[in-house]
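Shown next, in structure tokens, is the structure this report addresses.
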Amino acid sequence: MAPRLLLLDPLTLVGREFLTSGDLLDRLGLHIEFLHTAIDDEHQIAELGSGPALVAPLDSAEDLDGHDVIVVASDHQSSRHDHLIEFLERNPDVPVIDLARLPALVEHTTPSVGGVVGTSRHLRVAHPALVATSRLVGVLVQFGDPGGTLAIVDPVSTYGREAVELLARQTTNRLQGEPVTELIYGHARSFNVIAVDAFELQEEAAQVMPNVPLAVTHGLSGVFHGHLGHLGLVFADRVDPDDIRDALSQTEGIEISDLPVSLDVVADRDFAVITPPVMSPDGRQLALTIMADGLRIGGALTAIDILESLV
């Protein structure tokens with residue numbers, strides 16, 4: 001019998017992205033079922049996968065029983081997530097993957113960049129910039145024990161379709177010289193960049209890359225889509241730039257782009273794009289920019305990679 005996978009909130013941006021990776025899911029031979037966490041009690045109906053699907057509300061923790069793995073794709077938190085938290089607390093051995101990185105689930109999950117997972121069965125997909133960075137440093141550690149900085153900048157699509165629509169309205173307000181009255185989690189994001197607390201991302205970086213110390217900063221941009229990371233690494237000794245480039249060019253899930261390159265190119269890509277690495281005159285410091293479609297890298301594709309280790 002095929003393993004039963006429950007997808008919570010399949011109609012979100014990241015939920016739909018997960019389902020469009022159907023060829024990869026088919027390889028796992030899963031039977032997929034759906035529930036939603038919207039506050040209303042109505043069933044949702046939508047075209048999902050190969051046909052229409054009926055999506056009932058999550059009414060109790062018992063609704064989650066009997067599934068072999070649960071994937072969370074919610075872009076908002078509601079009281080229905082209390083049922084999920086109750087389930088997590090009494091079912092530590094049932095695999096759960098938080099694809100949406102809900103703040104309420106941070107204390108109940110362990111970050112993962114994919115591949116072989118540890119002992120925890122309750123996981124969350126690591127931030128897209130950290131997923132891409134982990135691939136880079138996994139190759140670059142051969143040149144010594146690097147450490148450095150990572151400046152992460154998130155798009156509005158992190159908060160789902162509603163936030164994207166709200167950004168468009170904020171842009172209209174600003175172009176017409178009107179005040180922005182509808183905020184996105186307290187911020188006017190249009191034509192703006194906001195520096196925010198990076199504590200949780202700093203902690204997450206230390207968990208997924210324990211041997212590479214990074215000082216992490218976090219910014220919120222006014223772009224619709226595309227995650228950005230500015231990575232700076234320092235090596236103990238001089239490194240040959242050609243060796244660095246050769247190593248990065250062979251890194252799985254990474255493509256070195258010619259300049260100029262924009263976030264527009266990363267949509268629907270199954271790999272992260274990086275700028276050509278720049279080395280300091282002393283050959284010890286490296287800088288590059290990472291761009292990724294966070295619905296896929298650090299999103300659906302990473303979740304499926306984790307699934308392969310769990311089912």
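Lettering and numbering for the structure tokens are positional, with chains as A, B, ... in the shown order, residues counted from 1 in each chain, and ligands counted from 1 in the shown order.
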
Next item on the list: Please provide the set of residues having any atom within 10 Å of Asn211 of chain A, restricted to only C-alpha atoms, with same-chain residues fewer than 6 positions apart removed, written as a list in words.
Entry: Val137, Gly138, Val141, Asp145, Pro146 and Gly147 of chain A

So which bits of segment 134-284 of chain A end up strand (DSSP E) when you DSSP the backbone, as a short mmCIF file (atom, residue, chain, number, x, y, z; two decimals) with all heavy atoms, in the first residue's frame?
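Output file part_31.cif follows:
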data_model
loop_
_atom_site.label_atom_id
_atom_site.label_comp_id
_atom_site.auth_asym_id
_atom_site.auth_seq_id
_atom_site.Cartn_x
_atom_site.Cartn_y
_atom_site.Cartn_z
N GLY A 147 35.00 31.05 7.38
CA GLY A 147 33.93 31.67 8.15
C GLY A 147 33.63 32.99 7.49
O GLY A 147 34.36 33.42 6.59
N GLY A 148 32.55 33.63 7.90
CA GLY A 148 32.28 34.90 7.24
C GLY A 148 30.91 35.45 7.54
O GLY A 148 30.39 35.32 8.66
N THR A 149 30.30 36.06 6.53
CA THR A 149 29.01 36.73 6.69
C THR A 149 28.05 36.29 5.60
O THR A 149 28.46 35.90 4.50
CB THR A 149 29.17 38.26 6.61
OG1 THR A 149 29.66 38.62 5.32
CG2 THR A 149 30.12 38.77 7.68
N LEU A 150 26.76 36.36 5.93
CA LEU A 150 25.71 36.09 4.96
C LEU A 150 24.60 37.12 5.17
O LEU A 150 23.99 37.16 6.25
CB LEU A 150 25.17 34.67 5.12
CG LEU A 150 24.00 34.29 4.20
CD1 LEU A 150 24.45 34.34 2.73
CD2 LEU A 150 23.46 32.91 4.55
N ALA A 151 24.36 37.95 4.18
CA ALA A 151 23.27 38.93 4.23
C ALA A 151 22.11 38.40 3.41
O ALA A 151 22.21 38.27 2.18
CB ALA A 151 23.74 40.28 3.69
N ILE A 152 21.00 38.07 4.08
CA ILE A 152 19.83 37.47 3.44
C ILE A 152 18.79 38.54 3.20
O ILE A 152 18.49 39.36 4.08
CB ILE A 152 19.25 36.36 4.34
CG1 ILE A 152 20.26 35.20 4.46
CG2 ILE A 152 17.92 35.85 3.80
CD1 ILE A 152 19.84 34.13 5.45
N VAL A 153 18.20 38.53 2.00
CA VAL A 153 17.15 39.49 1.66
C VAL A 153 15.96 38.71 1.10
O VAL A 153 16.09 37.99 0.10
CB VAL A 153 17.63 40.53 0.63
CG1 VAL A 153 16.54 41.57 0.38
CG2 VAL A 153 18.92 41.19 1.09
N ASP A 154 14.80 38.87 1.75
CA ASP A 154 13.60 38.10 1.38
C ASP A 154 12.64 38.91 0.52
O ASP A 154 12.45 40.11 0.75
CB ASP A 154 12.84 37.67 2.64
CG ASP A 154 13.53 36.55 3.40
OD1 ASP A 154 14.48 35.97 2.85
OD2 ASP A 154 13.12 36.28 4.54
N ILE A 194 13.90 46.73 4.39
CA ILE A 194 13.85 46.87 5.85
C ILE A 194 14.82 45.87 6.48
O ILE A 194 14.78 44.68 6.15
CB ILE A 194 12.42 46.61 6.38
CG1 ILE A 194 11.43 47.56 5.72
CG2 ILE A 194 12.38 46.76 7.89
CD1 ILE A 194 10.52 46.90 4.73
N ALA A 195 15.67 46.35 7.36
CA ALA A 195 16.54 45.46 8.13
C ALA A 195 15.77 44.99 9.37
O ALA A 195 15.20 45.79 10.10
CB ALA A 195 17.81 46.18 8.55
N VAL A 196 15.77 43.66 9.58
CA VAL A 196 15.03 43.08 10.71
C VAL A 196 15.96 42.17 11.51
O VAL A 196 17.09 41.86 11.10
CB VAL A 196 13.79 42.29 10.23
CG1 VAL A 196 12.78 43.24 9.59
CG2 VAL A 196 14.18 41.18 9.26
N LEU A 214 29.06 31.70 10.59
CA LEU A 214 28.61 32.81 9.77
C LEU A 214 27.88 33.83 10.64
O LEU A 214 27.08 33.47 11.49
CB LEU A 214 27.63 32.33 8.67
CG LEU A 214 28.20 31.45 7.56
CD1 LEU A 214 27.06 30.95 6.66
CD2 LEU A 214 29.24 32.21 6.74
N ALA A 215 28.15 35.11 10.40
CA ALA A 215 27.36 36.18 10.99
C ALA A 215 26.29 36.54 9.98
O ALA A 215 26.59 36.90 8.84
CB ALA A 215 28.24 37.39 11.30
N VAL A 216 25.02 36.41 10.38
CA VAL A 216 23.90 36.53 9.44
C VAL A 216 23.12 37.81 9.71
O VAL A 216 22.81 38.14 10.85
CB VAL A 216 22.96 35.31 9.57
CG1 VAL A 216 21.79 35.43 8.60
CG2 VAL A 216 23.73 34.01 9.30
N THR A 217 22.79 38.53 8.63
CA THR A 217 21.87 39.65 8.72
C THR A 217 20.65 39.34 7.85
O THR A 217 20.70 38.49 6.96
CB THR A 217 22.51 40.97 8.25
OG1 THR A 217 22.95 40.82 6.89
CG2 THR A 217 23.69 41.32 9.12
N HIS A 218 19.54 40.05 8.13
CA HIS A 218 18.28 39.73 7.47
C HIS A 218 17.59 41.01 7.02
O HIS A 218 17.42 41.94 7.81
CB HIS A 218 17.38 38.95 8.44
CG HIS A 218 16.15 38.38 7.82
ND1 HIS A 218 15.07 37.93 8.55
CD2 HIS A 218 15.82 38.15 6.51
CE1 HIS A 218 14.15 37.46 7.74
NE2 HIS A 218 14.57 37.59 6.50
N GLY A 219 17.21 41.05 5.75
CA GLY A 219 16.50 42.20 5.21
C GLY A 219 15.25 41.77 4.47
O GLY A 219 15.14 40.63 3.98
N LEU A 220 14.26 42.65 4.41
CA LEU A 220 13.01 42.43 3.68
C LEU A 220 12.96 43.42 2.53
O LEU A 220 13.05 44.63 2.75
CB LEU A 220 11.80 42.64 4.60
CG LEU A 220 11.79 41.86 5.93
CD1 LEU A 220 10.55 42.25 6.74
CD2 LEU A 220 11.82 40.37 5.68
N HIS A 227 14.66 34.99 -3.80
CA HIS A 227 15.47 35.17 -2.59
C HIS A 227 16.90 35.53 -2.97
O HIS A 227 17.44 35.07 -3.98
CB HIS A 227 15.46 33.89 -1.75
CG HIS A 227 14.20 33.70 -0.97
ND1 HIS A 227 13.04 33.27 -1.56
CD2 HIS A 227 13.92 33.89 0.34
CE1 HIS A 227 12.08 33.19 -0.63
NE2 HIS A 227 12.60 33.56 0.52
N LEU A 228 17.50 36.34 -2.11
CA LEU A 228 18.84 36.87 -2.37
C LEU A 228 19.73 36.64 -1.16
O LEU A 228 19.27 36.75 -0.02
CB LEU A 228 18.72 38.37 -2.65
CG LEU A 228 19.92 39.12 -3.22
CD1 LEU A 228 20.17 38.69 -4.65
CD2 LEU A 228 19.63 40.63 -3.19
N GLY A 229 20.99 36.33 -1.40
CA GLY A 229 21.96 36.20 -0.32
C GLY A 229 23.31 36.74 -0.77
O GLY A 229 23.77 36.43 -1.88
N HIS A 230 23.93 37.58 0.06
CA HIS A 230 25.27 38.08 -0.23
C HIS A 230 26.22 37.36 0.72
O HIS A 230 26.19 37.60 1.94
CB HIS A 230 25.34 39.59 -0.03
CG HIS A 230 24.40 40.36 -0.91
ND1 HIS A 230 24.57 40.46 -2.27
CD2 HIS A 230 23.27 41.05 -0.62
CE1 HIS A 230 23.60 41.19 -2.78
NE2 HIS A 230 22.79 41.56 -1.80
N LEU A 231 27.06 36.49 0.17
CA LEU A 231 27.94 35.65 0.97
C LEU A 231 29.37 36.17 0.92
O LEU A 231 29.91 36.44 -0.16
CB LEU A 231 27.90 34.21 0.45
CG LEU A 231 28.82 33.19 1.13
CD1 LEU A 231 28.42 32.98 2.59
CD2 LEU A 231 28.81 31.87 0.37
N GLY A 232 29.98 36.31 2.09
CA GLY A 232 31.38 36.66 2.18
C GLY A 232 32.11 35.65 3.06
O GLY A 232 31.66 35.38 4.18
N LEU A 233 33.19 35.06 2.55
CA LEU A 233 33.94 34.06 3.31
C LEU A 233 35.41 34.47 3.43
O LEU A 233 35.97 35.09 2.52
CB LEU A 233 33.87 32.68 2.63
CG LEU A 233 32.50 32.00 2.57
CD1 LEU A 233 32.59 30.69 1.80
CD2 LEU A 233 31.94 31.76 3.97
N VAL A 234 35.98 34.12 4.55
CA VAL A 234 37.40 34.38 4.79
C VAL A 234 38.10 33.05 5.04
O VAL A 234 37.64 32.25 5.86
CB VAL A 234 37.60 35.32 6.00
CG1 VAL A 234 39.09 35.56 6.24
CG2 VAL A 234 36.88 36.64 5.78
N ILE A 254 23.93 24.34 -8.28
CA ILE A 254 24.46 25.70 -8.39
C ILE A 254 24.88 25.98 -9.82
O ILE A 254 25.48 25.12 -10.47
CB ILE A 254 25.67 25.91 -7.45
CG1 ILE A 254 25.28 25.72 -6.00
CG2 ILE A 254 26.30 27.27 -7.68
CD1 ILE A 254 24.33 26.75 -5.43
N GLU A 255 24.57 27.18 -10.30
CA GLU A 255 25.03 27.60 -11.63
C GLU A 255 25.67 28.97 -11.52
O GLU A 255 25.06 29.90 -10.98
CB GLU A 255 23.87 27.63 -12.63
CG GLU A 255 24.30 28.07 -14.02
CD GLU A 255 23.15 28.09 -15.01
OE1 GLU A 255 22.79 27.01 -15.52
OE2 GLU A 255 22.59 29.19 -15.25
N ILE A 256 26.89 29.11 -12.04
CA ILE A 256 27.56 30.41 -12.06
C ILE A 256 27.07 31.18 -13.29
O ILE A 256 27.13 30.68 -14.41
CB ILE A 256 29.09 30.26 -12.10
CG1 ILE A 256 29.59 29.46 -10.90
CG2 ILE A 256 29.76 31.64 -12.12
CD1 ILE A 256 31.09 29.19 -10.92
N ALA A 272 20.16 27.12 -7.78
CA ALA A 272 20.46 28.50 -7.39
C ALA A 272 21.47 29.09 -8.36
O ALA A 272 22.34 28.38 -8.89
CB ALA A 272 21.01 28.53 -5.96
N VAL A 273 21.35 30.38 -8.60
CA VAL A 273 22.28 31.09 -9.46
C VAL A 273 23.22 31.91 -8.58
O VAL A 273 22.77 32.56 -7.64
CB VAL A 273 21.51 32.02 -10.43
CG1 VAL A 273 22.48 32.91 -11.21
CG2 VAL A 273 20.66 31.19 -11.38
N ILE A 274 24.52 31.86 -8.90
CA ILE A 274 25.47 32.69 -8.16
C ILE A 274 26.26 33.56 -9.14
O ILE A 274 26.43 33.20 -10.31
CB ILE A 274 26.45 31.86 -7.31
CG1 ILE A 274 27.34 30.97 -8.19
CG2 ILE A 274 25.70 31.02 -6.28
CD1 ILE A 274 28.47 30.28 -7.43
N VAL A 278 34.33 36.72 -6.40
CA VAL A 278 35.34 37.78 -6.41
C VAL A 278 36.27 37.55 -5.23
O VAL A 278 35.82 37.34 -4.10
CB VAL A 278 34.68 39.17 -6.28
CG1 VAL A 278 35.74 40.27 -6.18
CG2 VAL A 278 33.74 39.43 -7.47
N MET A 279 37.59 37.59 -5.49
CA MET A 279 38.58 37.38 -4.44
C MET A 279 39.27 38.69 -4.10
O MET A 279 39.51 39.53 -4.98
CB MET A 279 39.62 36.35 -4.88
CG MET A 279 39.06 34.98 -5.22
SD MET A 279 38.24 34.14 -3.83
CE MET A 279 39.61 33.95 -2.69
#

Note to self: Set the distance at 8 Å and use only C-alpha atoms: which residues neighbour Pro128 of chain A once local chain neighbours fewer than 4 positions away are removed? I'd like the list as JSON, numbers by chain.
What the structure shows: {"A": [132, 227, 292, 293, 294, 297, 298, 299]}

Note to self: If we count only C-alpha atoms and set the cut-off at 7 Å, which residues sit around Val14 of chain A, ignoring sequence neighbours fewer than 4 positions away in its own chain? Please answer as an NGL selection string.
What the structure shows: :A and (18 or 73 or 295 or 299-300)

Using only N, CA and C atoms, please write the residues we just selected to a file, as a PDB file, in the first residue's frame.
ATOM      1  N   PHE A  18       4.749  22.614  -4.623  1.00  0.00           N
ATOM      2  CA  PHE A  18       5.026  21.242  -4.205  1.00  0.00           C
ATOM      3  C   PHE A  18       4.311  20.250  -5.120  1.00  0.00           C
ATOM      4  N   ALA A  73       2.107  23.431   4.266  1.00  0.00           N
ATOM      5  CA  ALA A  73       2.351  24.462   3.254  1.00  0.00           C
ATOM      6  C   ALA A  73       1.567  25.733   3.546  1.00  0.00           C
ATOM      7  N   LEU A 295      10.500  29.223  -3.773  1.00  0.00           N
ATOM      8  CA  LEU A 295       9.409  28.245  -3.797  1.00  0.00           C
ATOM      9  C   LEU A 295       9.930  26.861  -4.154  1.00  0.00           C
ATOM     10  N   GLY A 299      12.401  25.203  -0.722  1.00  0.00           N
ATOM     11  CA  GLY A 299      10.958  25.100  -0.860  1.00  0.00           C
ATOM     12  C   GLY A 299      10.577  23.686  -1.257  1.00  0.00           C
ATOM     13  N   ALA A 300       9.835  23.567  -2.365  1.00  0.00           N
ATOM     14  CA  ALA A 300       9.283  22.275  -2.759  1.00  0.00           C
ATOM     15  C   ALA A 300      10.350  21.221  -3.029  1.00  0.00           C
TER      16      ALA A 300
END

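Residue nearest Val193 of chain A, chosen from A:Thr171, A:Thr181, A:Ser221, A:Gln176 and counting only C-alpha atoms: A:Ser221.
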
Next item on the list: Would you mind writing down, as a ChimeraX atom specification, each residue of segment 63-242 of chain A that DSSP on the backbone assigns to helix (DSSP H, G or I)?
Entry: /A:63-64,81-90,103-108,128-143,156-159,161-175,199-208,241-242

Output file for the selection above: C-alpha atoms, as a PDB file, in the first residue's frame:
ATOM      1  CA  ASP A  63      -7.698  14.326  11.538  1.00  0.00           C
ATOM      2  CA  LEU A  64      -3.933  13.948  11.218  1.00  0.00           C
ATOM      3  CA  HIS A  81      -2.598  24.980  13.706  1.00  0.00           C
ATOM      4  CA  ASP A  82      -3.142  24.284  17.396  1.00  0.00           C
ATOM      5  CA  HIS A  83      -4.369  20.848  16.276  1.00  0.00           C
ATOM      6  CA  LEU A  84      -1.101  20.336  14.396  1.00  0.00           C
ATOM      7  CA  ILE A  85       0.989  21.345  17.405  1.00  0.00           C
ATOM      8  CA  GLU A  86      -1.002  18.952  19.601  1.00  0.00           C
ATOM      9  CA  PHE A  87      -0.332  16.205  17.061  1.00  0.00           C
ATOM     10  CA  LEU A  88       3.410  16.985  16.990  1.00  0.00           C
ATOM     11  CA  GLU A  89       3.671  16.808  20.759  1.00  0.00           C
ATOM     12  CA  ARG A  90       2.087  13.368  21.024  1.00  0.00           C
ATOM     13  CA  PRO A 103       6.872  30.875  13.136  1.00  0.00           C
ATOM     14  CA  ALA A 104       4.614  28.834  15.438  1.00  0.00           C
ATOM     15  CA  LEU A 105       6.419  25.635  14.430  1.00  0.00           C
ATOM     16  CA  VAL A 106      10.017  26.811  14.874  1.00  0.00           C
ATOM     17  CA  GLU A 107      10.238  25.407  18.414  1.00  0.00           C
ATOM     18  CA  HIS A 108       8.719  22.107  17.267  1.00  0.00           C
ATOM     19  CA  PRO A 128      16.392  29.198   0.767  1.00  0.00           C
ATOM     20  CA  ALA A 129      19.569  31.253   1.198  1.00  0.00           C
ATOM     21  CA  LEU A 130      20.849  28.754   3.766  1.00  0.00           C
ATOM     22  CA  VAL A 131      20.043  25.782   1.531  1.00  0.00           C
ATOM     23  CA  ALA A 132      22.058  27.321  -1.301  1.00  0.00           C
ATOM     24  CA  THR A 133      24.866  28.479   0.997  1.00  0.00           C
ATOM     25  CA  SER A 134      25.195  25.012   2.532  1.00  0.00           C
ATOM     26  CA  ARG A 135      25.867  23.607  -0.929  1.00  0.00           C
ATOM     27  CA  LEU A 136      28.545  26.204  -1.568  1.00  0.00           C
ATOM     28  CA  VAL A 137      30.394  25.826   1.733  1.00  0.00           C
ATOM     29  CA  GLY A 138      30.135  22.046   1.461  1.00  0.00           C
ATOM     30  CA  VAL A 139      32.522  22.356  -1.475  1.00  0.00           C
ATOM     31  CA  LEU A 140      34.604  25.294  -0.274  1.00  0.00           C
ATOM     32  CA  VAL A 141      35.621  23.695   3.035  1.00  0.00           C
ATOM     33  CA  GLN A 142      38.232  21.754   1.067  1.00  0.00           C
ATOM     34  CA  PHE A 143      40.214  25.007   0.923  1.00  0.00           C
ATOM     35  CA  VAL A 156       7.267  39.571  -0.414  1.00  0.00           C
ATOM     36  CA  SER A 157       6.138  36.196  -1.815  1.00  0.00           C
ATOM     37  CA  THR A 158       7.502  34.638   1.386  1.00  0.00           C
ATOM     38  CA  TYR A 159       4.153  35.612   2.917  1.00  0.00           C
ATOM     39  CA  ARG A 161      -0.242  35.348  -2.652  1.00  0.00           C
ATOM     40  CA  GLU A 162      -2.115  37.833  -0.460  1.00  0.00           C
ATOM     41  CA  ALA A 163       1.118  39.645   0.368  1.00  0.00           C
ATOM     42  CA  VAL A 164       2.047  39.843  -3.319  1.00  0.00           C
ATOM     43  CA  GLU A 165      -1.323  41.437  -4.102  1.00  0.00           C
ATOM     44  CA  LEU A 166      -0.876  43.832  -1.191  1.00  0.00           C
ATOM     45  CA  LEU A 167       2.550  44.882  -2.480  1.00  0.00           C
ATOM     46  CA  ALA A 168       0.942  45.817  -5.796  1.00  0.00           C
ATOM     47  CA  ARG A 169      -1.565  48.020  -3.957  1.00  0.00           C
ATOM     48  CA  GLN A 170       1.211  49.623  -1.902  1.00  0.00           C
ATOM     49  CA  THR A 171       3.061  50.419  -5.133  1.00  0.00           C
ATOM     50  CA  THR A 172      -0.042  52.057  -6.577  1.00  0.00           C
ATOM     51  CA  ASN A 173      -0.395  54.162  -3.403  1.00  0.00           C
ATOM     52  CA  ARG A 174       3.205  55.351  -3.573  1.00  0.00           C
ATOM     53  CA  LEU A 175       3.148  56.110  -7.299  1.00  0.00           C
ATOM     54  CA  PHE A 199      18.385  35.895  15.408  1.00  0.00           C
ATOM     55  CA  GLU A 200      16.370  32.922  14.149  1.00  0.00           C
ATOM     56  CA  LEU A 201      18.267  32.755  10.846  1.00  0.00           C
ATOM     57  CA  GLN A 202      21.553  33.003  12.743  1.00  0.00           C
ATOM     58  CA  GLU A 203      20.488  30.030  14.881  1.00  0.00           C
ATOM     59  CA  GLU A 204      19.351  28.116  11.822  1.00  0.00           C
ATOM     60  CA  ALA A 205      22.632  28.731   9.996  1.00  0.00           C
ATOM     61  CA  ALA A 206      24.546  27.337  12.974  1.00  0.00           C
ATOM     62  CA  GLN A 207      22.354  24.220  12.936  1.00  0.00           C
ATOM     63  CA  VAL A 208      22.638  23.400   9.232  1.00  0.00           C
ATOM     64  CA  PRO A 241      40.732  31.961  -7.661  1.00  0.00           C
ATOM     65  CA  ASP A 242      40.728  29.444 -10.511  1.00  0.00           C
TER      66      ASP A 242
END

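If only C-alpha atoms are the atoms counted, then among A:Pro276, A:Pro213, A:Ile45, A:Gly186 the closest residue to Ser249 of chain A is A:Pro276.
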
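Minimum atom-to-atom distance to Asp41 of chain A, evaluated using only C-alpha atoms, belongs to A:Asp59 out of A:Leu28, A:Tyr185, A:Asp59, A:Ile70.
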
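Interatomic distance, atom CA of Met1 of chain A to atom CA of Thr119 of chain A: 25.4 Å.
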
Item checked: Nearest residue to His31 of chain A from the set A:Pro3, A:Pro210, A:Gly177, A:Gly222 (distances using only C-alpha atoms) -> A:Pro3

Margin query: I'd like the neighbourhood of Asp268 of chain A as a ChimeraX atom specification, where a residue qualifies if any of its atoms comes within 9 Å (using only C-alpha atoms), though same-chain residues fewer than 2 positions away should be ignored.
Written below: /A:265-266,270-271,293,295-296

Next item on the list: Write out as JSON, numbers by chain each polymer residue whose atoms come within 10 Å of segment 94-101 of chain A, counting only C-alpha atoms; drop sequence neighbours fewer than 5 positions from it.
Entry: {"A": [5, 6, 7, 8, 9, 12, 13, 14, 15, 18, 65, 66, 67, 68, 69, 70, 71, 72, 73, 74, 75, 76, 84, 87, 88, 106, 108, 109, 110, 111, 112, 120, 121, 122, 123, 124, 125, 126, 127, 158, 159, 160, 295, 298, 299, 300, 301, 302, 303, 304, 306, 307, 310, 311]}

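Here atom CA of Asp243 of chain A stands at a distance of 19.5 Å from atom CA of Val212 of chain A.
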
Notebook entry, point to check: Ala46 of chain A: which residues within 12 Å, counting only C-alpha atoms, same-chain residues fewer than 4 positions away excluded, as a PyMOL selection string?
Noted result: chain A and resi 9-12+16+34+36+50-56

Would you mind exporting all heavy atoms of the selected residues as a compact mmCIF listing (two decimals), in the first residue's frame?
# COMPACT_ATOMS: atom_id res chain seq x y z
N ASP A 9 -2.88 22.75 3.40
CA ASP A 9 -2.97 23.99 2.64
C ASP A 9 -2.31 23.89 1.27
O ASP A 9 -1.33 24.56 0.97
CB ASP A 9 -2.39 25.16 3.44
CG ASP A 9 -3.21 25.45 4.68
OD1 ASP A 9 -4.44 25.57 4.57
OD2 ASP A 9 -2.62 25.52 5.78
N PRO A 10 -2.88 23.06 0.41
CA PRO A 10 -2.31 22.87 -0.93
C PRO A 10 -2.51 24.04 -1.87
O PRO A 10 -1.88 24.10 -2.93
CB PRO A 10 -3.05 21.63 -1.45
CG PRO A 10 -4.37 21.67 -0.74
CD PRO A 10 -4.05 22.18 0.64
N LEU A 11 -3.39 25.01 -1.52
CA LEU A 11 -3.69 26.10 -2.43
C LEU A 11 -2.76 27.30 -2.27
O LEU A 11 -2.90 28.28 -3.00
CB LEU A 11 -5.15 26.55 -2.23
CG LEU A 11 -6.20 25.46 -2.42
CD1 LEU A 11 -7.59 26.05 -2.33
CD2 LEU A 11 -6.02 24.75 -3.75
N THR A 12 -1.83 27.27 -1.34
CA THR A 12 -0.87 28.36 -1.18
C THR A 12 0.15 28.32 -2.32
O THR A 12 0.23 27.34 -3.08
CB THR A 12 -0.14 28.25 0.16
OG1 THR A 12 0.58 27.01 0.19
CG2 THR A 12 -1.12 28.30 1.33
N ARG A 16 1.12 24.77 -4.04
CA ARG A 16 0.97 24.49 -5.46
C ARG A 16 2.31 24.12 -6.09
O ARG A 16 2.39 23.24 -6.96
CB ARG A 16 0.38 25.71 -6.17
CG ARG A 16 -1.10 25.96 -5.83
CD ARG A 16 -1.63 27.16 -6.60
NE ARG A 16 -3.02 27.43 -6.29
CZ ARG A 16 -4.06 26.81 -6.85
NH1 ARG A 16 -3.84 25.86 -7.74
NH2 ARG A 16 -5.30 27.13 -6.52
N PHE A 34 -5.47 15.93 1.30
CA PHE A 34 -5.41 17.36 1.58
C PHE A 34 -6.33 17.76 2.72
O PHE A 34 -7.42 17.22 2.88
CB PHE A 34 -5.82 18.16 0.33
CG PHE A 34 -5.11 17.75 -0.92
CD1 PHE A 34 -5.78 17.02 -1.90
CD2 PHE A 34 -3.79 18.09 -1.14
CE1 PHE A 34 -5.14 16.63 -3.06
CE2 PHE A 34 -3.14 17.71 -2.30
CZ PHE A 34 -3.81 16.98 -3.26
N HIS A 36 -7.14 21.85 4.88
CA HIS A 36 -6.74 23.25 4.93
C HIS A 36 -6.90 23.79 6.35
O HIS A 36 -7.63 23.23 7.18
CB HIS A 36 -7.54 24.10 3.93
CG HIS A 36 -8.96 24.39 4.32
ND1 HIS A 36 -9.29 25.34 5.28
CD2 HIS A 36 -10.15 23.89 3.88
CE1 HIS A 36 -10.59 25.40 5.41
NE2 HIS A 36 -11.15 24.53 4.58
N SER A 50 -3.79 16.22 -11.21
CA SER A 50 -4.43 15.77 -12.44
C SER A 50 -5.92 16.05 -12.48
O SER A 50 -6.58 15.74 -13.47
CB SER A 50 -4.20 14.26 -12.61
OG SER A 50 -4.72 13.56 -11.49
N GLY A 51 -6.50 16.62 -11.44
CA GLY A 51 -7.94 16.85 -11.46
C GLY A 51 -8.40 17.62 -10.25
O GLY A 51 -7.60 18.06 -9.42
N PRO A 52 -9.72 17.83 -10.14
CA PRO A 52 -10.26 18.58 -9.00
C PRO A 52 -10.11 17.82 -7.69
O PRO A 52 -10.14 16.59 -7.67
CB PRO A 52 -11.73 18.77 -9.38
CG PRO A 52 -12.03 17.65 -10.31
CD PRO A 52 -10.77 17.39 -11.07
N ALA A 53 -9.92 18.56 -6.62
CA ALA A 53 -9.78 17.94 -5.30
C ALA A 53 -10.62 18.72 -4.30
O ALA A 53 -10.76 19.94 -4.40
CB ALA A 53 -8.31 17.95 -4.87
N LEU A 54 -11.18 18.00 -3.35
CA LEU A 54 -11.96 18.59 -2.27
C LEU A 54 -11.06 18.68 -1.04
O LEU A 54 -10.49 17.67 -0.60
CB LEU A 54 -13.18 17.73 -1.97
CG LEU A 54 -14.24 18.33 -1.04
CD1 LEU A 54 -14.87 19.55 -1.68
CD2 LEU A 54 -15.31 17.28 -0.72
N VAL A 55 -10.92 19.89 -0.49
CA VAL A 55 -10.01 20.11 0.63
C VAL A 55 -10.84 20.50 1.85
O VAL A 55 -11.39 21.60 1.92
CB VAL A 55 -8.99 21.22 0.30
CG1 VAL A 55 -7.98 21.37 1.44
CG2 VAL A 55 -8.28 20.93 -1.01
N ALA A 56 -10.93 19.58 2.80
CA ALA A 56 -11.71 19.81 4.01
C ALA A 56 -10.89 20.58 5.04
O ALA A 56 -9.66 20.58 4.99
CB ALA A 56 -12.16 18.48 4.60
